[in-house]
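Asker: This is the content of work05.cif (mmCIF, C-alpha atoms):
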```
data_entry
loop_
_atom_site.group_PDB
_atom_site.id
_atom_site.type_symbol
_atom_site.label_atom_id
_atom_site.label_comp_id
_atom_site.auth_asym_id
_atom_site.auth_seq_id
_atom_site.Cartn_x
_atom_site.Cartn_y
_atom_site.Cartn_z
ATOM 1 C CA MET A 1382 85.756 149.949 138.183
ATOM 2 C CA GLN A 1383 82.238 148.747 137.444
ATOM 3 C CA ILE A 1384 80.327 149.253 134.205
ATOM 4 C CA ASN A 1385 76.575 148.861 133.870
ATOM 5 C CA VAL A 1386 75.190 147.383 130.661
ATOM 6 C CA GLY A 1387 71.432 147.118 130.866
ATOM 7 C CA ASP A 1388 70.632 145.346 134.123
ATOM 8 C CA LEU A 1389 74.081 143.752 134.364
ATOM 9 C CA THR A 1390 77.052 145.149 136.290
ATOM 10 C CA PHE A 1391 80.531 144.161 135.145
ATOM 11 C CA ASP A 1392 83.704 144.317 137.225
ATOM 12 C CA VAL A 1393 86.449 145.762 135.024
ATOM 13 C CA GLY A 1394 90.165 145.918 135.672
ATOM 14 C CA THR A 1395 91.832 149.043 134.331
ATOM 15 C CA ALA A 1396 95.343 150.279 133.661
ATOM 16 C CA GLY A 1397 97.004 153.022 131.682
ATOM 17 C CA PRO A 1398 96.151 156.636 130.904
ATOM 18 C CA ALA A 1399 92.478 157.532 130.643
ATOM 19 C CA ASP A 1400 93.121 159.430 127.414
ATOM 20 C CA GLY A 1401 95.098 156.664 125.710
ATOM 21 C CA PRO A 1402 93.806 154.481 122.880
ATOM 22 C CA THR A 1403 91.469 151.880 124.352
ATOM 23 C CA VAL A 1404 92.308 148.176 124.444
ATOM 24 C CA LEU A 1405 89.534 145.788 125.468
ATOM 25 C CA LEU A 1406 90.946 142.497 126.800
ATOM 26 C CA LEU A 1407 88.508 139.582 126.791
ATOM 27 C CA HIS A 1408 89.267 136.461 128.836
ATOM 28 C CA GLY A 1409 88.251 132.855 128.383
ATOM 29 C CA PHE A 1410 87.423 129.823 130.526
ATOM 30 C CA PRO A 1411 88.106 129.304 133.351
ATOM 31 C CA ASP A 1412 90.521 132.042 134.341
ATOM 32 C CA GLY A 1413 88.544 135.267 134.050
ATOM 33 C CA ALA A 1414 90.150 138.675 133.698
ATOM 34 C CA ARG A 1415 92.996 137.662 136.003
ATOM 35 C CA CYS A 1416 94.668 136.068 132.991
ATOM 36 C CA TRP A 1417 95.697 139.560 131.849
ATOM 37 C CA ALA A 1418 97.422 140.521 135.118
ATOM 38 C CA ALA A 1419 100.932 140.461 133.626
ATOM 39 C CA VAL A 1420 99.923 141.659 130.149
ATOM 40 C CA MET A 1421 98.140 144.863 131.110
ATOM 41 C CA PRO A 1422 101.092 146.678 132.755
ATOM 42 C CA VAL A 1423 103.134 146.361 129.562
ATOM 43 C CA LEU A 1424 100.297 147.753 127.444
ATOM 44 C CA ALA A 1425 99.640 150.511 129.974
ATOM 45 C CA ASP A 1426 103.302 151.544 130.015
ATOM 46 C CA ALA A 1427 103.029 151.940 126.238
ATOM 47 C CA GLY A 1428 100.292 154.547 126.748
ATOM 48 C CA LEU A 1429 97.234 152.380 126.183
ATOM 49 C CA ARG A 1430 94.043 152.516 128.206
ATOM 50 C CA CYS A 1431 93.389 148.899 129.201
ATOM 51 C CA LEU A 1432 89.980 147.502 130.098
ATOM 52 C CA ALA A 1433 89.789 143.880 131.261
ATOM 53 C CA PRO A 1434 86.257 142.923 132.273
ATOM 54 C CA ASP A 1435 85.131 139.812 134.051
ATOM 55 C CA GLN A 1436 82.583 138.896 131.427
ATOM 56 C CA ARG A 1437 79.031 137.590 131.741
ATOM 57 C CA GLY A 1438 78.874 134.926 134.419
ATOM 58 C CA TYR A 1439 82.276 135.828 135.849
ATOM 59 C CA SER A 1440 81.199 139.185 137.323
ATOM 60 C CA PRO A 1441 78.861 138.542 140.290
ATOM 61 C CA GLY A 1442 76.621 141.382 139.118
ATOM 62 C CA ALA A 1443 76.340 139.913 135.617
ATOM 63 C CA ARG A 1444 75.375 136.327 136.354
ATOM 64 C CA PRO A 1445 72.004 135.392 134.806
ATOM 65 C CA ASP A 1446 70.455 132.107 135.886
ATOM 66 C CA GLN A 1447 69.521 130.518 132.574
ATOM 67 C CA ALA A 1448 72.022 128.926 130.176
ATOM 68 C CA GLY A 1449 70.262 130.515 127.223
ATOM 69 C CA GLN A 1450 71.287 133.922 128.560
ATOM 70 C CA TYR A 1451 74.912 133.152 127.631
ATOM 71 C CA ARG A 1452 74.456 132.988 123.865
ATOM 72 C CA LEU A 1453 77.329 134.268 121.783
ATOM 73 C CA GLU A 1454 75.414 137.242 120.423
ATOM 74 C CA LEU A 1455 74.701 138.405 123.986
ATOM 75 C CA LEU A 1456 78.367 138.127 124.932
ATOM 76 C CA VAL A 1457 79.286 140.303 121.951
ATOM 77 C CA GLN A 1458 76.623 142.845 122.905
ATOM 78 C CA ASP A 1459 78.064 142.966 126.429
ATOM 79 C CA ALA A 1460 81.442 144.010 125.017
ATOM 80 C CA LEU A 1461 79.865 146.635 122.800
ATOM 81 C CA GLY A 1462 77.765 147.869 125.697
ATOM 82 C CA MET A 1463 80.842 148.399 127.840
ATOM 83 C CA LEU A 1464 82.478 150.441 125.089
ATOM 84 C CA ASP A 1465 79.266 152.441 124.671
ATOM 85 C CA ALA A 1466 79.060 153.116 128.406
ATOM 86 C CA LEU A 1467 82.542 154.654 128.310
ATOM 87 C CA GLY A 1468 81.967 156.577 125.082
ATOM 88 C CA VAL A 1469 84.563 154.534 123.179
ATOM 89 C CA ARG A 1470 83.791 154.561 119.462
ATOM 90 C CA ARG A 1471 86.595 152.222 118.373
ATOM 91 C CA ALA A 1472 88.834 149.941 120.402
ATOM 92 C CA HIS A 1473 91.681 147.529 119.926
ATOM 93 C CA LEU A 1474 90.650 143.995 120.882
ATOM 94 C CA VAL A 1475 92.764 141.316 122.541
ATOM 95 C CA GLY A 1476 90.973 138.057 123.277
ATOM 96 C CA HIS A 1477 91.975 134.639 124.589
ATOM 97 C CA ASP A 1478 90.060 131.338 124.407
ATOM 98 C CA TRP A 1479 86.312 132.162 124.617
ATOM 99 C CA GLY A 1480 87.313 135.810 124.733
ATOM 100 C CA ALA A 1481 88.966 135.306 121.353
ATOM 101 C CA VAL A 1482 85.673 133.956 119.996
ATOM 102 C CA VAL A 1483 83.843 137.046 121.237
ATOM 103 C CA ALA A 1484 86.563 139.285 119.797
ATOM 104 C CA TRP A 1485 86.530 137.545 116.387
ATOM 105 C CA VAL A 1486 82.757 137.914 116.122
ATOM 106 C CA LEU A 1487 82.763 141.512 117.329
ATOM 107 C CA ALA A 1488 85.445 142.410 114.783
ATOM 108 C CA ALA A 1489 83.677 140.507 111.998
ATOM 109 C CA ARG A 1490 80.213 141.946 112.558
ATOM 110 C CA TYR A 1491 81.082 145.407 113.874
ATOM 111 C CA PRO A 1492 84.316 146.401 112.112
ATOM 112 C CA HIS A 1493 83.476 150.091 112.507
ATOM 113 C CA ARG A 1494 83.951 149.632 116.269
ATOM 114 C CA VAL A 1495 87.308 147.841 116.064
ATOM 115 C CA ARG A 1496 90.753 149.188 115.192
ATOM 116 C CA THR A 1497 92.794 145.979 115.474
ATOM 117 C CA LEU A 1498 92.334 142.420 116.669
ATOM 118 C CA THR A 1499 94.829 140.214 118.470
ATOM 119 C CA ALA A 1500 93.282 136.770 118.948
ATOM 120 C CA VAL A 1501 95.006 134.207 121.131
ATOM 121 C CA SER A 1502 94.736 130.403 120.998
ATOM 122 C CA VAL A 1503 91.290 130.111 119.358
ATOM 123 C CA PRO A 1504 90.998 130.914 115.626
ATOM 124 C CA HIS A 1505 88.121 132.493 113.712
ATOM 125 C CA PRO A 1506 84.994 130.555 114.732
ATOM 126 C CA ALA A 1507 84.313 129.453 111.157
ATOM 127 C CA ALA A 1508 87.789 127.900 110.993
ATOM 128 C CA PHE A 1509 87.273 126.178 114.325
ATOM 129 C CA GLY A 1510 83.823 124.925 113.361
ATOM 130 C CA ALA A 1511 85.121 123.506 110.079
ATOM 131 C CA ALA A 1512 87.903 121.686 111.906
ATOM 132 C CA LEU A 1513 85.408 120.216 114.352
ATOM 133 C CA ARG A 1514 83.449 118.798 111.430
ATOM 134 C CA SER A 1515 86.320 117.483 109.319
ATOM 135 C CA ASP A 1516 89.463 116.989 111.417
ATOM 136 C CA PRO A 1517 89.583 113.870 113.642
ATOM 137 C CA ASP A 1518 92.403 115.389 115.686
ATOM 138 C CA GLN A 1519 90.329 118.484 116.492
ATOM 139 C CA ARG A 1520 87.313 116.369 117.414
ATOM 140 C CA GLN A 1521 89.480 114.449 119.859
ATOM 141 C CA ARG A 1522 90.897 117.647 121.334
ATOM 142 C CA SER A 1523 87.380 119.031 121.763
ATOM 143 C CA ALA A 1524 85.896 115.901 123.347
ATOM 144 C CA TYR A 1525 85.655 117.761 126.670
ATOM 145 C CA LEU A 1526 82.864 119.876 125.176
ATOM 146 C CA ARG A 1527 80.436 116.997 125.602
ATOM 147 C CA LEU A 1528 80.939 117.074 129.362
ATOM 148 C CA PHE A 1529 80.898 120.853 129.660
ATOM 149 C CA ARG A 1530 77.605 121.104 127.745
ATOM 150 C CA GLU A 1531 75.752 118.633 129.953
ATOM 151 C CA PRO A 1532 73.069 120.103 132.231
ATOM 152 C CA THR A 1533 74.018 121.149 135.727
ATOM 153 C CA PRO A 1534 75.161 119.689 138.093
ATOM 154 C CA ARG A 1535 77.132 116.827 136.521
ATOM 155 C CA PRO A 1536 79.928 118.907 134.905
ATOM 156 C CA GLU A 1537 80.297 120.967 138.052
ATOM 157 C CA ASP A 1538 80.472 117.838 140.208
ATOM 158 C CA VAL A 1539 83.102 116.248 137.977
ATOM 159 C CA LEU A 1540 85.282 119.364 137.886
ATOM 160 C CA MET A 1541 84.988 120.074 141.597
ATOM 161 C CA ALA A 1542 85.536 116.527 142.873
ATOM 162 C CA ASP A 1543 88.662 115.758 144.914
ATOM 163 C CA GLY A 1544 89.444 119.383 145.662
ATOM 164 C CA ALA A 1545 88.691 120.565 142.112
ATOM 165 C CA ALA A 1546 91.365 118.239 140.729
ATOM 166 C CA ARG A 1547 89.877 118.092 137.223
ATOM 167 C CA LEU A 1548 89.552 121.881 137.141
ATOM 168 C CA HIS A 1549 93.218 122.206 138.018
ATOM 169 C CA THR A 1550 94.277 119.771 135.287
ATOM 170 C CA ILE A 1551 92.855 122.143 132.685
ATOM 171 C CA TYR A 1552 96.123 124.065 133.096
ATOM 172 C CA ALA A 1553 98.302 121.031 132.415
ATOM 173 C CA GLY A 1554 101.269 122.000 130.262
ATOM 174 C CA SER A 1555 100.991 125.677 131.158
ATOM 175 C CA THR A 1556 104.145 125.817 133.333
ATOM 176 C CA LEU A 1557 102.045 127.661 135.939
ATOM 177 C CA GLY A 1558 102.675 126.810 139.570
ATOM 178 C CA PRO A 1559 99.975 125.495 141.939
ATOM 179 C CA ASP A 1560 99.643 128.847 143.690
ATOM 180 C CA GLN A 1561 99.136 130.646 140.375
ATOM 181 C CA ILE A 1562 96.478 128.169 139.324
ATOM 182 C CA ASP A 1563 94.735 128.457 142.683
ATOM 183 C CA ALA A 1564 94.599 132.244 142.297
ATOM 184 C CA LEU A 1565 93.112 131.967 138.805
ATOM 185 C CA LEU A 1566 90.452 129.484 139.907
ATOM 186 C CA GLU A 1567 89.539 131.089 143.228
ATOM 187 C CA PRO A 1568 86.620 133.169 141.822
ATOM 188 C CA LEU A 1569 84.973 129.994 140.458
ATOM 189 C CA LEU A 1570 84.732 128.480 143.939
ATOM 190 C CA VAL A 1571 81.938 130.900 144.853
ATOM 191 C CA PRO A 1572 78.546 129.150 144.659
ATOM 192 C CA GLY A 1573 77.032 129.604 141.208
ATOM 193 C CA ALA A 1574 80.181 130.913 139.560
ATOM 194 C CA LEU A 1575 81.293 127.686 137.889
ATOM 195 C CA THR A 1576 77.780 127.003 136.614
ATOM 196 C CA ALA A 1577 77.684 130.462 135.070
ATOM 197 C CA ALA A 1578 81.061 129.959 133.407
ATOM 198 C CA LEU A 1579 79.985 126.574 132.004
ATOM 199 C CA ASN A 1580 76.804 128.149 130.668
ATOM 200 C CA TRP A 1581 78.919 129.654 127.875
ATOM 201 C CA TYR A 1582 79.318 126.082 126.623
ATOM 202 C CA ARG A 1583 75.718 125.069 127.303
ATOM 203 C CA ALA A 1584 74.465 128.025 125.273
ATOM 204 C CA MET A 1585 76.368 126.893 122.191
ATOM 205 C CA ALA A 1586 74.034 125.912 119.335
ATOM 206 C CA ALA A 1587 74.754 123.960 116.175
ATOM 207 C CA ASP A 1588 74.916 127.199 114.221
ATOM 208 C CA SER A 1589 76.806 129.258 116.824
ATOM 209 C CA PHE A 1590 79.890 129.480 114.603
ATOM 210 C CA ALA A 1591 78.038 129.640 111.280
ATOM 211 C CA ASP A 1592 77.540 132.671 109.060
ATOM 212 C CA ILE A 1593 80.250 134.695 110.762
ATOM 213 C CA PRO A 1594 81.813 136.860 108.040
ATOM 214 C CA PRO A 1595 85.522 137.384 107.471
ATOM 215 C CA VAL A 1596 87.281 139.916 109.663
ATOM 216 C CA THR A 1597 88.184 143.097 107.813
ATOM 217 C CA VAL A 1598 90.389 144.815 110.407
ATOM 218 C CA PRO A 1599 94.154 144.279 110.863
ATOM 219 C CA THR A 1600 94.547 141.014 112.743
ATOM 220 C CA THR A 1601 97.182 138.952 114.512
ATOM 221 C CA TYR A 1602 96.418 135.384 115.550
ATOM 222 C CA VAL A 1603 98.689 133.799 118.175
ATOM 223 C CA TRP A 1604 98.758 130.027 118.691
ATOM 224 C CA GLY A 1605 101.020 127.782 120.762
ATOM 225 C CA ASP A 1606 102.116 124.555 119.119
ATOM 226 C CA LEU A 1607 101.528 122.648 122.386
ATOM 227 C CA ASP A 1608 97.908 123.825 122.638
ATOM 228 C CA VAL A 1609 95.877 120.804 123.735
ATOM 229 C CA ALA A 1610 92.523 122.364 122.830
ATOM 230 C CA VAL A 1611 93.200 123.745 119.336
ATOM 231 C CA GLY A 1612 95.048 121.781 116.677
ATOM 232 C CA ARG A 1613 97.097 122.902 113.714
ATOM 233 C CA VAL A 1614 94.328 122.383 111.140
ATOM 234 C CA ALA A 1615 92.031 124.847 112.884
ATOM 235 C CA ALA A 1616 94.861 127.297 113.571
ATOM 236 C CA ALA A 1617 96.114 127.321 109.972
ATOM 237 C CA ALA A 1618 92.583 127.813 108.626
ATOM 238 C CA ALA A 1619 92.114 131.168 110.340
ATOM 239 C CA ALA A 1620 93.936 133.020 107.560
ATOM 240 C CA ALA A 1621 91.149 132.269 105.089
ATOM 241 C CA HIS A 1622 88.738 134.241 107.279
ATOM 242 C CA VAL A 1623 90.618 137.548 107.431
ATOM 243 C CA SER A 1624 90.348 140.036 104.565
ATOM 244 C CA ALA A 1625 92.862 142.519 105.933
ATOM 245 C CA ASP A 1626 96.499 142.679 106.997
ATOM 246 C CA TYR A 1627 97.034 139.389 108.820
ATOM 247 C CA ARG A 1628 99.816 137.759 110.785
ATOM 248 C CA PHE A 1629 99.826 134.217 112.151
ATOM 249 C CA VAL A 1630 102.280 133.792 115.017
ATOM 250 C CA GLU A 1631 103.064 130.209 115.999
ATOM 251 C CA LEU A 1632 104.754 130.015 119.383
ATOM 252 C CA SER A 1633 107.111 127.082 119.814
ATOM 253 C CA GLN A 1634 106.645 125.048 122.995
ATOM 254 C CA ALA A 1635 103.758 127.246 124.148
ATOM 255 C CA SER A 1636 100.548 125.869 125.637
ATOM 256 C CA HIS A 1637 96.968 127.094 125.377
ATOM 257 C CA TRP A 1638 97.610 129.464 128.278
ATOM 258 C CA VAL A 1639 99.652 132.085 126.442
ATOM 259 C CA PRO A 1640 98.562 135.146 128.511
ATOM 260 C CA GLU A 1641 99.828 133.556 131.711
ATOM 261 C CA GLN A 1642 102.778 131.647 130.278
ATOM 262 C CA LEU A 1643 104.248 134.301 127.958
ATOM 263 C CA PRO A 1644 102.711 137.635 128.989
ATOM 264 C CA ASP A 1645 105.599 139.853 127.859
ATOM 265 C CA LEU A 1646 105.756 138.236 124.445
ATOM 266 C CA LEU A 1647 101.988 138.416 124.007
ATOM 267 C CA ALA A 1648 101.976 142.075 125.032
ATOM 268 C CA ALA A 1649 104.730 142.772 122.496
ATOM 269 C CA LEU A 1650 102.753 141.050 119.740
ATOM 270 C CA ALA A 1651 99.614 142.989 120.635
ATOM 271 C CA LEU A 1652 101.577 146.246 120.650
ATOM 272 C CA GLU A 1653 103.069 145.414 117.262
ATOM 273 C CA ARG A 1654 99.581 144.918 115.856
ATOM 274 C CA ILE A 1655 98.227 148.049 117.510
ATOM 275 C CA ARG A 1656 101.125 150.145 116.234
ATOM 276 C CA SER A 1657 100.610 148.810 112.718
ATOM 277 C CA VAL A 1658 97.642 151.104 112.224
ATOM 278 C CA GLU A 1659 97.810 154.833 111.843
ATOM 279 C CA HIS A 1660 97.343 156.523 115.210
ATOM 280 C CA ASP A 1661 94.452 158.932 115.226
ATOM 281 C CA SER A 1662 92.169 160.477 117.792
ATOM 282 C CA ALA A 1663 89.373 157.944 117.348
ATOM 283 C CA ARG A 1664 88.880 155.663 120.349
#
```
How would this structure read if it were set down as structure tokens?

Answerer:
Amino acid sequence: MQINVGDLTFDVGTAGPADGPTVLLLHGFPDGARCWAAVMPVLADAGLRCLAPDQRGYSPGARPDQAGQYRLELLVQDALGMLDALGVRRAHLVGHDWGAVVAWVLAARYPHRVRTLTAVSVPHPAAFGAALRSDPDQRQRSAYLRLFREPTPRPEDVLMADGAARLHTIYAGSTLGPDQIDALLEPLLVPGALTAALNWYRAMAADSFADIPPVTVPTTYVWGDLDVAVGRVAAAAAAAHVSADYRFVELSQASHWVPEQLPDLLAALALERIRSVEHDSAR
């Protein structure tokens, strides 16, 4: 389906009964909504209405030209706008990577719109920001940000050189096969798509992760101990930024790419969180 939010049109994958509780699944970089392909059927079979949008820059109809049009607050408003367009008052959130950042901020600033949060790989932005400032290991893990934030076209050229070799190596350690990785990356090969995806990084400001309040809705945070992008210091610090029922799930021998690598387990963890709240008619 497609959902219009202002002058943007988002492509949205759907699954499950139209009258089921709504789950909004928010992807990260660089895989787009395809990362949820094996997670959504499990949630749908449990009676949940699943919405997995290709977010700003990933949907061809929602691809502004300027990097400043990818600020975090706009990404959060996109998610809220999609819920508004469908008349959904409250939704369960599941977010991975950048999608986890959007989900954390949405839950923190608009708790009346969120029933539960399941965040994957990336912790509360305040925890991540603190680790970037104080933890040498996290600074090393995040060194790639310097490249990604450079003006176009250098990052694009580096990632796309030699048949997009550097883009493919992003999935190192994921256990995904070459064909799976090719399918995930295919949408970024369209002219302009990779630039739009990198604009999420270019739009980051020094205070992007500042002044984000604690999350006050029931929350599960899932982190793989082989995650190359997020270290243990940042992951462990997330608990201090949740003022509600909270569970930290550390997955042994799991990479950053949990939705693709362990979809059944992730779906089970999300369902456990969703079922932890009292079921009512609010959606």

Asker: Choose the residue, out of A:Gly1409, A:Ala1489, A:Ala1396, A:Val1598, that has the smallest atom-to-atom separation from Val1423 in chain A; count only C-alpha atoms.

Answerer: A:Ala1396

Asker: Fewer than 3 positions away in the same chain doesn't count, so skip those; otherwise give me all residues within 9 Å of range 1617-1619 of chain A, counting only C-alpha atoms, as a PDB file with C-alpha atoms, in the frame of the given file.

Answerer:
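Contents of the output file selection-v2.pdb:
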```
ATOM      1  CA  PRO A1504      90.998 130.914 115.626  1.00  0.00           C
ATOM      2  CA  HIS A1505      88.121 132.493 113.712  1.00  0.00           C
ATOM      3  CA  PRO A1506      84.994 130.555 114.732  1.00  0.00           C
ATOM      4  CA  ALA A1507      84.313 129.453 111.157  1.00  0.00           C
ATOM      5  CA  ALA A1508      87.789 127.900 110.993  1.00  0.00           C
ATOM      6  CA  PHE A1509      87.273 126.178 114.325  1.00  0.00           C
ATOM      7  CA  ALA A1511      85.121 123.506 110.079  1.00  0.00           C
ATOM      8  CA  ALA A1512      87.903 121.686 111.906  1.00  0.00           C
ATOM      9  CA  TYR A1602      96.418 135.384 115.550  1.00  0.00           C
ATOM     10  CA  GLY A1612      95.048 121.781 116.677  1.00  0.00           C
ATOM     11  CA  ARG A1613      97.097 122.902 113.714  1.00  0.00           C
ATOM     12  CA  VAL A1614      94.328 122.383 111.140  1.00  0.00           C
ATOM     13  CA  HIS A1622      88.738 134.241 107.279  1.00  0.00           C
ATOM     14  CA  VAL A1623      90.618 137.548 107.431  1.00  0.00           C
ATOM     15  CA  PHE A1629      99.826 134.217 112.151  1.00  0.00           C
TER      16      PHE A1629
END
```

Asker: Could you spell out the hits of the PyMOL selection byres ((chain A and resi 1471) around 8) on the shown file, as JSON, numbers by chain?

Answerer: {"A": [1403, 1469, 1470, 1472, 1473, 1493, 1494, 1495, 1496, 1663, 1664]}

Asker: Report as a list of chain:residue names all protein, DNA and RNA residues lying within 8 Å of Arg1430 in chain A, evaluated on only C-alpha atoms, omitting residues in the same chain fewer than 4 positions from it.

Answerer: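 Close residues of Arg1430 in chain A: A:Thr1395, A:Ala1396, A:Gly1397, A:Pro1398, A:Ala1399, A:Asp1400, A:Gly1401, A:Pro1402, A:Thr1403, A:Val1404, A:Leu1424, A:Ala1425.
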
Asker: I'd like a table as a tab-separated table: residues in range 1482-1544 of chain A with an atom no more than 12 Å from range 1644-1647 of chain A, each row giving the shortest atom pair and its distance in Å to one decimal, all atoms listed in the file counted, sorted by chain and rising residue number.

Answerer:
```
residue	atom	partner	partner_atom	distance
A:Thr1499	CA	A:Leu1647	CA	9.2
A:Ala1500	CA	A:Leu1647	CA	10.2
A:Val1501	CA	A:Leu1647	CA	8.6
A:Ser1502	CA	A:Leu1647	CA	11.2
```

Asker: With C-alpha atoms retained, write the just-selected residues as an mmCIF file, in the coordinates of the input.

Answerer:
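Final output, saved to part-v4.cif:
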```
data_model
loop_
_atom_site.group_PDB
_atom_site.id
_atom_site.type_symbol
_atom_site.label_atom_id
_atom_site.label_comp_id
_atom_site.auth_asym_id
_atom_site.auth_seq_id
_atom_site.Cartn_x
_atom_site.Cartn_y
_atom_site.Cartn_z
ATOM 1 C CA THR A 1499 94.829 140.214 118.470
ATOM 2 C CA ALA A 1500 93.282 136.770 118.948
ATOM 3 C CA VAL A 1501 95.006 134.207 121.131
ATOM 4 C CA SER A 1502 94.736 130.403 120.998
#
```

Asker: Give me, please, the distance in Å between CA of Gly1558 in chain A and CA of Leu1643 in chain A, quoted to one decimal.

Answerer: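 One can read the CA of Gly1558 in chain A to CA of Leu1643 in chain A distance as 13.9 Å.
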
Asker: Go ahead and find all residues with at least one atom no further than 12 Å from (92.2, 130.1, 132.6) in the file's coordinates, using only C-alpha atoms; report them as a PyMOL selection string.

Answerer: chain A and resi 1407-1418+1439+1477-1480+1502+1548-1553+1555+1557+1561-1569+1578+1636-1642

Asker: Evaluate the PyMOL selection byres ((chain A and resi 1528-1538) around 7) here and jot the selected residues down as a list of chain:residue names.

Answerer: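 Written out, the selection comes to A:Tyr1525, A:Leu1526, A:Arg1527, A:Val1539, A:Leu1540, A:Met1541, A:Ala1542, A:Leu1575, A:Thr1576, A:Leu1579, A:Tyr1582, A:Arg1583.
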
Asker: Of the residues A:Leu1405, A:Met1421, A:Val1393, A:Ala1587, which is the one nearest to Arg1514 in chain A, using all atoms listed in the file?

Answerer: A:Ala1587

Asker: On this file, the PyMOL selection byres ((chain A and resi 1444) around 12) gives some set of residues; write that set as a ChimeraX atom specification.

Answerer: /A:1388-1392,1435-1443,1445-1451,1456,1572-1581

Asker: Please compute the CA of Val1596 in chain A-CA of Gly1387 in chain A distance, one decimal, in Å.

Answerer: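 The value is 27.4 Å.
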
Asker: Do you have the CA of Gly1605 in chain A-CA of Gln1634 in chain A distance handy?

Answerer: 6.6 Å

Asker: Hey, which of A:Cys1431, A:Ala1651, A:Val1658, A:Ala1460 ends up closest to Val1630 in chain A? Count all atoms listed in the file.

Answerer: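 Nearest to Val1630 in chain A: A:Ala1651.
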
Asker: Some atoms are absent from range 1528-1544 of chain A, so rebuild N, CA and C atoms and return them as a PDB file, keeping the file's coordinate frame.

Answerer:
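Result file is result-v2.pdb:
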```
ATOM      1  N   LEU A1528      81.153 116.971 127.921  1.00  0.00           N
ATOM      2  CA  LEU A1528      80.939 117.074 129.362  1.00  0.00           C
ATOM      3  C   LEU A1528      80.482 118.475 129.745  1.00  0.00           C
ATOM      4  N   PHE A1529      81.189 119.479 129.256  1.00  0.00           N
ATOM      5  CA  PHE A1529      80.898 120.853 129.660  1.00  0.00           C
ATOM      6  C   PHE A1529      79.485 121.287 129.273  1.00  0.00           C
ATOM      7  N   ARG A1530      78.927 120.695 128.220  1.00  0.00           N
ATOM      8  CA  ARG A1530      77.605 121.104 127.745  1.00  0.00           C
ATOM      9  C   ARG A1530      76.469 120.339 128.429  1.00  0.00           C
ATOM     10  N   GLU A1531      76.800 119.360 129.241  1.00  0.00           N
ATOM     11  CA  GLU A1531      75.752 118.633 129.953  1.00  0.00           C
ATOM     12  C   GLU A1531      75.060 119.557 130.960  1.00  0.00           C
ATOM     13  N   PRO A1532      73.792 119.267 131.265  1.00  0.00           N
ATOM     14  CA  PRO A1532      73.069 120.103 132.231  1.00  0.00           C
ATOM     15  C   PRO A1532      73.736 120.053 133.606  1.00  0.00           C
ATOM     16  N   THR A1533      73.554 121.121 134.343  1.00  0.00           N
ATOM     17  CA  THR A1533      74.018 121.149 135.727  1.00  0.00           C
ATOM     18  C   THR A1533      73.253 120.077 136.513  1.00  0.00           C
ATOM     19  N   PRO A1534      73.876 119.393 137.465  1.00  0.00           N
ATOM     20  CA  PRO A1534      75.161 119.689 138.093  1.00  0.00           C
ATOM     21  C   PRO A1534      76.293 118.745 137.695  1.00  0.00           C
ATOM     22  N   ARG A1535      76.089 117.831 136.736  1.00  0.00           N
ATOM     23  CA  ARG A1535      77.132 116.827 136.521  1.00  0.00           C
ATOM     24  C   ARG A1535      78.482 117.436 136.165  1.00  0.00           C
ATOM     25  N   PRO A1536      78.596 118.366 135.199  1.00  0.00           N
ATOM     26  CA  PRO A1536      79.928 118.907 134.905  1.00  0.00           C
ATOM     27  C   PRO A1536      80.574 119.577 136.113  1.00  0.00           C
ATOM     28  N   GLU A1537      79.763 120.309 136.861  1.00  0.00           N
ATOM     29  CA  GLU A1537      80.297 120.967 138.052  1.00  0.00           C
ATOM     30  C   GLU A1537      80.822 119.938 139.053  1.00  0.00           C
ATOM     31  N   ASP A1538      80.056 118.864 139.248  1.00  0.00           N
ATOM     32  CA  ASP A1538      80.472 117.838 140.208  1.00  0.00           C
ATOM     33  C   ASP A1538      81.778 117.176 139.777  1.00  0.00           C
ATOM     34  N   VAL A1539      81.887 116.890 138.478  1.00  0.00           N
ATOM     35  CA  VAL A1539      83.102 116.248 137.977  1.00  0.00           C
ATOM     36  C   VAL A1539      84.309 117.169 138.157  1.00  0.00           C
ATOM     37  N   LEU A1540      84.161 118.430 137.814  1.00  0.00           N
ATOM     38  CA  LEU A1540      85.282 119.364 137.886  1.00  0.00           C
ATOM     39  C   LEU A1540      85.682 119.693 139.321  1.00  0.00           C
ATOM     40  N   MET A1541      84.706 119.666 140.226  1.00  0.00           N
ATOM     41  CA  MET A1541      84.988 120.074 141.597  1.00  0.00           C
ATOM     42  C   MET A1541      85.342 118.905 142.513  1.00  0.00           C
ATOM     43  N   ALA A1542      85.236 117.680 142.030  1.00  0.00           N
ATOM     44  CA  ALA A1542      85.536 116.527 142.873  1.00  0.00           C
ATOM     45  C   ALA A1542      87.004 116.500 143.274  1.00  0.00           C
ATOM     46  N   ASP A1543      87.283 115.924 144.423  1.00  0.00           N
ATOM     47  CA  ASP A1543      88.662 115.758 144.914  1.00  0.00           C
ATOM     48  C   ASP A1543      89.417 117.084 144.946  1.00  0.00           C
ATOM     49  N   GLY A1544      88.777 118.093 145.540  1.00  0.00           N
ATOM     50  CA  GLY A1544      89.444 119.383 145.662  1.00  0.00           C
ATOM     51  C   GLY A1544      89.632 120.093 144.334  1.00  0.00           C
TER      52      GLY A1544
END
```
